[in-house]
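Notes follow the structure.
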Amino acid sequence: MESLIHDGTMMHEHMHMDLSRIKQDPDTCLDCHDQTLKELRQLREAGMTRILDVTNIGMGRDLDLLRRLEAESGVTIVRSTGFYKDPFIPAEWQDATAEEMAATMVRDIQEGNAAVIGEVGTSRNEWTDNEQKLFDAALLAHQATGAPIYTHTTLGTLALEQAKFLTEHGADPKKVIIGHVDLAGDLDTIRQVLDTGVTVGFDTVGKTNYLPDETRVKMLRQLEQEGRTDQIVLSMDITRRSQLADVAGPGYRYLMDGFVPMLLAAGMQEETIRQMLETNPDRILGRRQS
Ligand SMILES: [Zn+2]
């Protein structure tokens with residue numbers, strides 16, 4: 001596999017995150033930094049040279065750690081700004097206006113702390129008032145900075161509503177990624193989302209407790225045959241200690257070592273895999289300097 005991907009990007013990951021206070025589950029405190037560093041080094045050997053970390057304010061984003069992991073692993077880590085979704089919007093931000101939220105995002109981007117607005121999300125089949133304010137803010141910050149927006153859908157719900165809201169209110173569809181669309185397992189909706197011009201994330205690869213990877217492969221093969229893979233990016237969205245390789249999980253390398261071979265075995269063209277892991281991320285994030 002080493003020769004297939006040289007400069008890949010995983011487009012939706014978390015290097016360090018803590019949702020445990022609200023989820024009441026210590027497994028959702030992802031803070032195994034030595035293990036993460038080890039896996040990042042392995043990723044680089046597998047041709048994955050960049051990660052978009054979509055951890056933001058209220059999720060436990062740690063900018064210094066991200067910079068250190070980048071320096072020590074050689075994997076470029078693109079950082080994010082914004083807020084997640086209810087009930088993870090910090091208490092001190094509950095009463096903020098969209099303009100105030102946007103100002104913080106813009107400042108984060110202008111100061112070089114972040115290059116992407118994300119992950120900004122909606123609840124399961126529900127778009128709360130706070131989450132609407134969050135999307136208003138993301139839109140304002142996107143329009144002020146041109147930074148891409150990466151969304152979170154809960155189990156793939158409201159993907160089309162998010163895409164329509166953002167594109168109908170002036171977001172550049174080429175800079176919008178709707179996340180976790182694979183989880184709904186619903187190709188028809190994914191096609192409608194793609195029709196709005198945005199990119200979609202098949203970004204929960206390996207989360208087989210929600211959806212078997214065989215289903216992801218089947219959907220991706222179908223979309224390849226329909227010529228839609230120029231609007232798809234891939235990732236794993238590792239969020240728990242137990243998903244790391246040395247703990248109990250597949251680890252970040254599974255995308256290259258486990259999932260890509262499944263795509264090839266199903267008949268996917270190598271060029272399509274390069275498109276989803278290299279060309280599309282490079283188009284959205286830009287090419288790194290080095
Ligand atoms: Zn998410």
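Simple scheme: letters A, B, ... for chains in structure tokens order, numbers from 1 for residues in each chain, numbers from 1 for ligands in the order shown.
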
task: Could I get the residue neighbourhood of ligand 1 at 9 Å, counting only C-alpha atoms and all ligand atoms, as a list of chain:residue names?
output: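 My answer, listing the contacting residues, is A:His12, A:Glu13, A:Val54, A:Tyr84, A:Glu119, A:Val120, A:Gly121, A:Thr151, A:His152, A:Thr153, A:Thr154, A:Leu155, A:Gly179, A:His180, A:Asp203, A:Thr204, A:Asp237, A:Thr239.
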
Against segment 131-142 of chain A, which residues of segment 9-96 of chain A fall within 8 Å? For each one I want the closest pair of atoms and the distance in Å (one decimal), counting only C-alpha atoms, rows by chain and increasing residue number, as CSV.
```
residue,atom,partner,partner_atom,distance
A:Gly82,CA,A:Ala138,CA,7.3
A:Phe83,CA,A:Leu134,CA,7.1
A:Lys85,CA,A:Glu131,CA,5.9
A:Asp86,CA,A:Glu131,CA,6.7
```

Those same residues, written as a short mmCIF file (atom, residue, chain, number, x, y, z; two decimals), in the first residue's frame with C-alpha atoms?
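That gives us selection-v7.cif:
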```
data_model
loop_
_atom_site.label_atom_id
_atom_site.label_comp_id
_atom_site.auth_asym_id
_atom_site.auth_seq_id
_atom_site.Cartn_x
_atom_site.Cartn_y
_atom_site.Cartn_z
CA GLY A 82 -15.62 26.90 16.50
CA PHE A 83 -17.99 25.01 18.74
CA LYS A 85 -23.15 21.15 19.17
CA ASP A 86 -25.59 20.92 22.05
#
```

- prompt: segment 59-282 of chain A: which residues are helix (DSSP H, G or I) by DSSP, as JSON, numbers by chain?
  reply: {"A": [63, 64, 65, 66, 67, 68, 69, 70, 71, 72, 73, 91, 92, 93, 98, 99, 100, 101, 102, 103, 104, 105, 106, 107, 108, 109, 110, 129, 130, 131, 132, 133, 134, 135, 136, 137, 138, 139, 140, 141, 142, 143, 144, 145, 154, 155, 156, 159, 160, 161, 162, 163, 164, 165, 166, 167, 168, 173, 174, 175, 181, 182, 183, 184, 187, 188, 189, 190, 191, 192, 193, 194, 195, 213, 214, 215, 216, 217, 218, 219, 220, 221, 222, 223, 224, 225, 229, 230, 231, 241, 242, 243, 254, 255, 256, 257, 258, 259, 260, 261, 262, 263, 264, 265, 270, 271, 272, 273, 274, 275, 276, 277, 278, 279, 280, 281, 282]}

What are the closest atom pairs, with distances in Å to one decimal, for each residue of segment 149-206 of chain A lying within 10 Å of segment 275-290 of chain A, using only C-alpha atoms, rows by chain and rising residue number, as CSV?
```
residue,atom,partner,partner_atom,distance
A:Ile149,CA,A:Ile284,CA,9.9
A:Lys174,CA,A:Ile284,CA,7.0
A:Lys175,CA,A:Ile284,CA,6.0
A:Val176,CA,A:Ile284,CA,8.4
A:Ile177,CA,A:Ile284,CA,9.0
A:Thr199,CA,A:Asn280,CA,8.7
A:Gly201,CA,A:Met276,CA,9.6
A:Phe202,CA,A:Met276,CA,9.7
```

So which residues touch Met15 of chain A within 12 Å, counting only C-alpha atoms, skipping near sequence neighbours fewer than 3 positions away, as an mmCIF file with C-alpha atoms, in the first residue's frame?
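For reference, around_25.cif as written:
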```cif
data_model
loop_
_atom_site.group_PDB
_atom_site.id
_atom_site.type_symbol
_atom_site.label_atom_id
_atom_site.label_comp_id
_atom_site.auth_asym_id
_atom_site.auth_seq_id
_atom_site.Cartn_x
_atom_site.Cartn_y
_atom_site.Cartn_z
ATOM 1 C CA MET A 10 -7.294 12.158 6.986
ATOM 2 C CA HIS A 12 -11.768 14.370 10.314
ATOM 3 C CA ASP A 18 -12.434 15.297 26.241
ATOM 4 C CA CYS A 29 -11.392 11.342 27.250
ATOM 5 C CA LEU A 30 -8.881 10.815 24.465
ATOM 6 C CA ASP A 31 -5.589 11.811 26.062
ATOM 7 C CA CYS A 32 -3.130 9.015 25.252
ATOM 8 C CA HIS A 33 -0.531 11.322 23.769
ATOM 9 C CA ASP A 34 2.365 8.848 23.563
ATOM 10 C CA GLN A 35 0.216 6.327 21.749
ATOM 11 C CA THR A 36 -1.151 9.024 19.448
ATOM 12 C CA LEU A 37 2.377 10.173 18.588
ATOM 13 C CA LYS A 38 3.404 6.603 17.856
ATOM 14 C CA GLU A 39 0.427 6.128 15.554
ATOM 15 C CA LEU A 40 1.096 9.439 13.797
ATOM 16 C CA ILE A 51 -4.479 15.278 9.426
ATOM 17 C CA LEU A 52 -7.341 17.688 9.799
ATOM 18 C CA ASP A 53 -8.019 17.828 13.533
ATOM 19 C CA VAL A 54 -11.576 19.065 14.008
ATOM 20 C CA THR A 55 -11.447 19.405 17.779
ATOM 21 C CA ASN A 56 -12.691 22.837 18.791
ATOM 22 C CA MET A 59 -14.138 19.677 23.049
ATOM 23 C CA GLY A 60 -10.785 20.032 24.782
ATOM 24 C CA ARG A 61 -8.761 21.463 21.924
ATOM 25 C CA ASP A 62 -5.099 21.805 22.977
ATOM 26 C CA LEU A 63 -3.220 23.956 20.479
ATOM 27 C CA ASP A 64 0.194 23.486 22.107
ATOM 28 C CA LEU A 65 -0.198 19.729 22.067
ATOM 29 C CA LEU A 66 -1.223 19.745 18.417
ATOM 30 C CA ARG A 67 1.848 21.787 17.509
ATOM 31 C CA ARG A 68 4.076 19.439 19.508
ATOM 32 C CA LEU A 69 2.578 16.306 17.935
ATOM 33 C CA GLU A 70 3.072 17.850 14.502
ATOM 34 C CA VAL A 75 2.570 14.780 10.127
ATOM 35 C CA ILE A 77 -1.891 18.805 11.709
ATOM 36 C CA VAL A 78 -4.431 21.340 10.466
ATOM 37 C CA ARG A 79 -6.250 22.878 13.436
ATOM 38 C CA SER A 80 -9.883 23.969 13.781
ATOM 39 C CA MET A 236 -12.038 7.556 10.862
ATOM 40 C CA ASP A 237 -13.115 10.107 13.500
ATOM 41 C CA ILE A 238 -11.294 8.365 16.334
ATOM 42 C CA THR A 239 -12.778 9.816 19.519
ATOM 43 C CA ARG A 240 -12.203 7.183 22.205
ATOM 44 C CA ARG A 241 -9.208 5.677 23.972
ATOM 45 C CA GLN A 243 -10.203 3.032 19.356
ATOM 46 C CA LEU A 244 -6.415 3.437 19.519
ATOM 47 C CA GLY A 251 -6.016 2.762 15.291
ATOM 48 C CA TYR A 252 -5.546 5.507 12.712
#
```
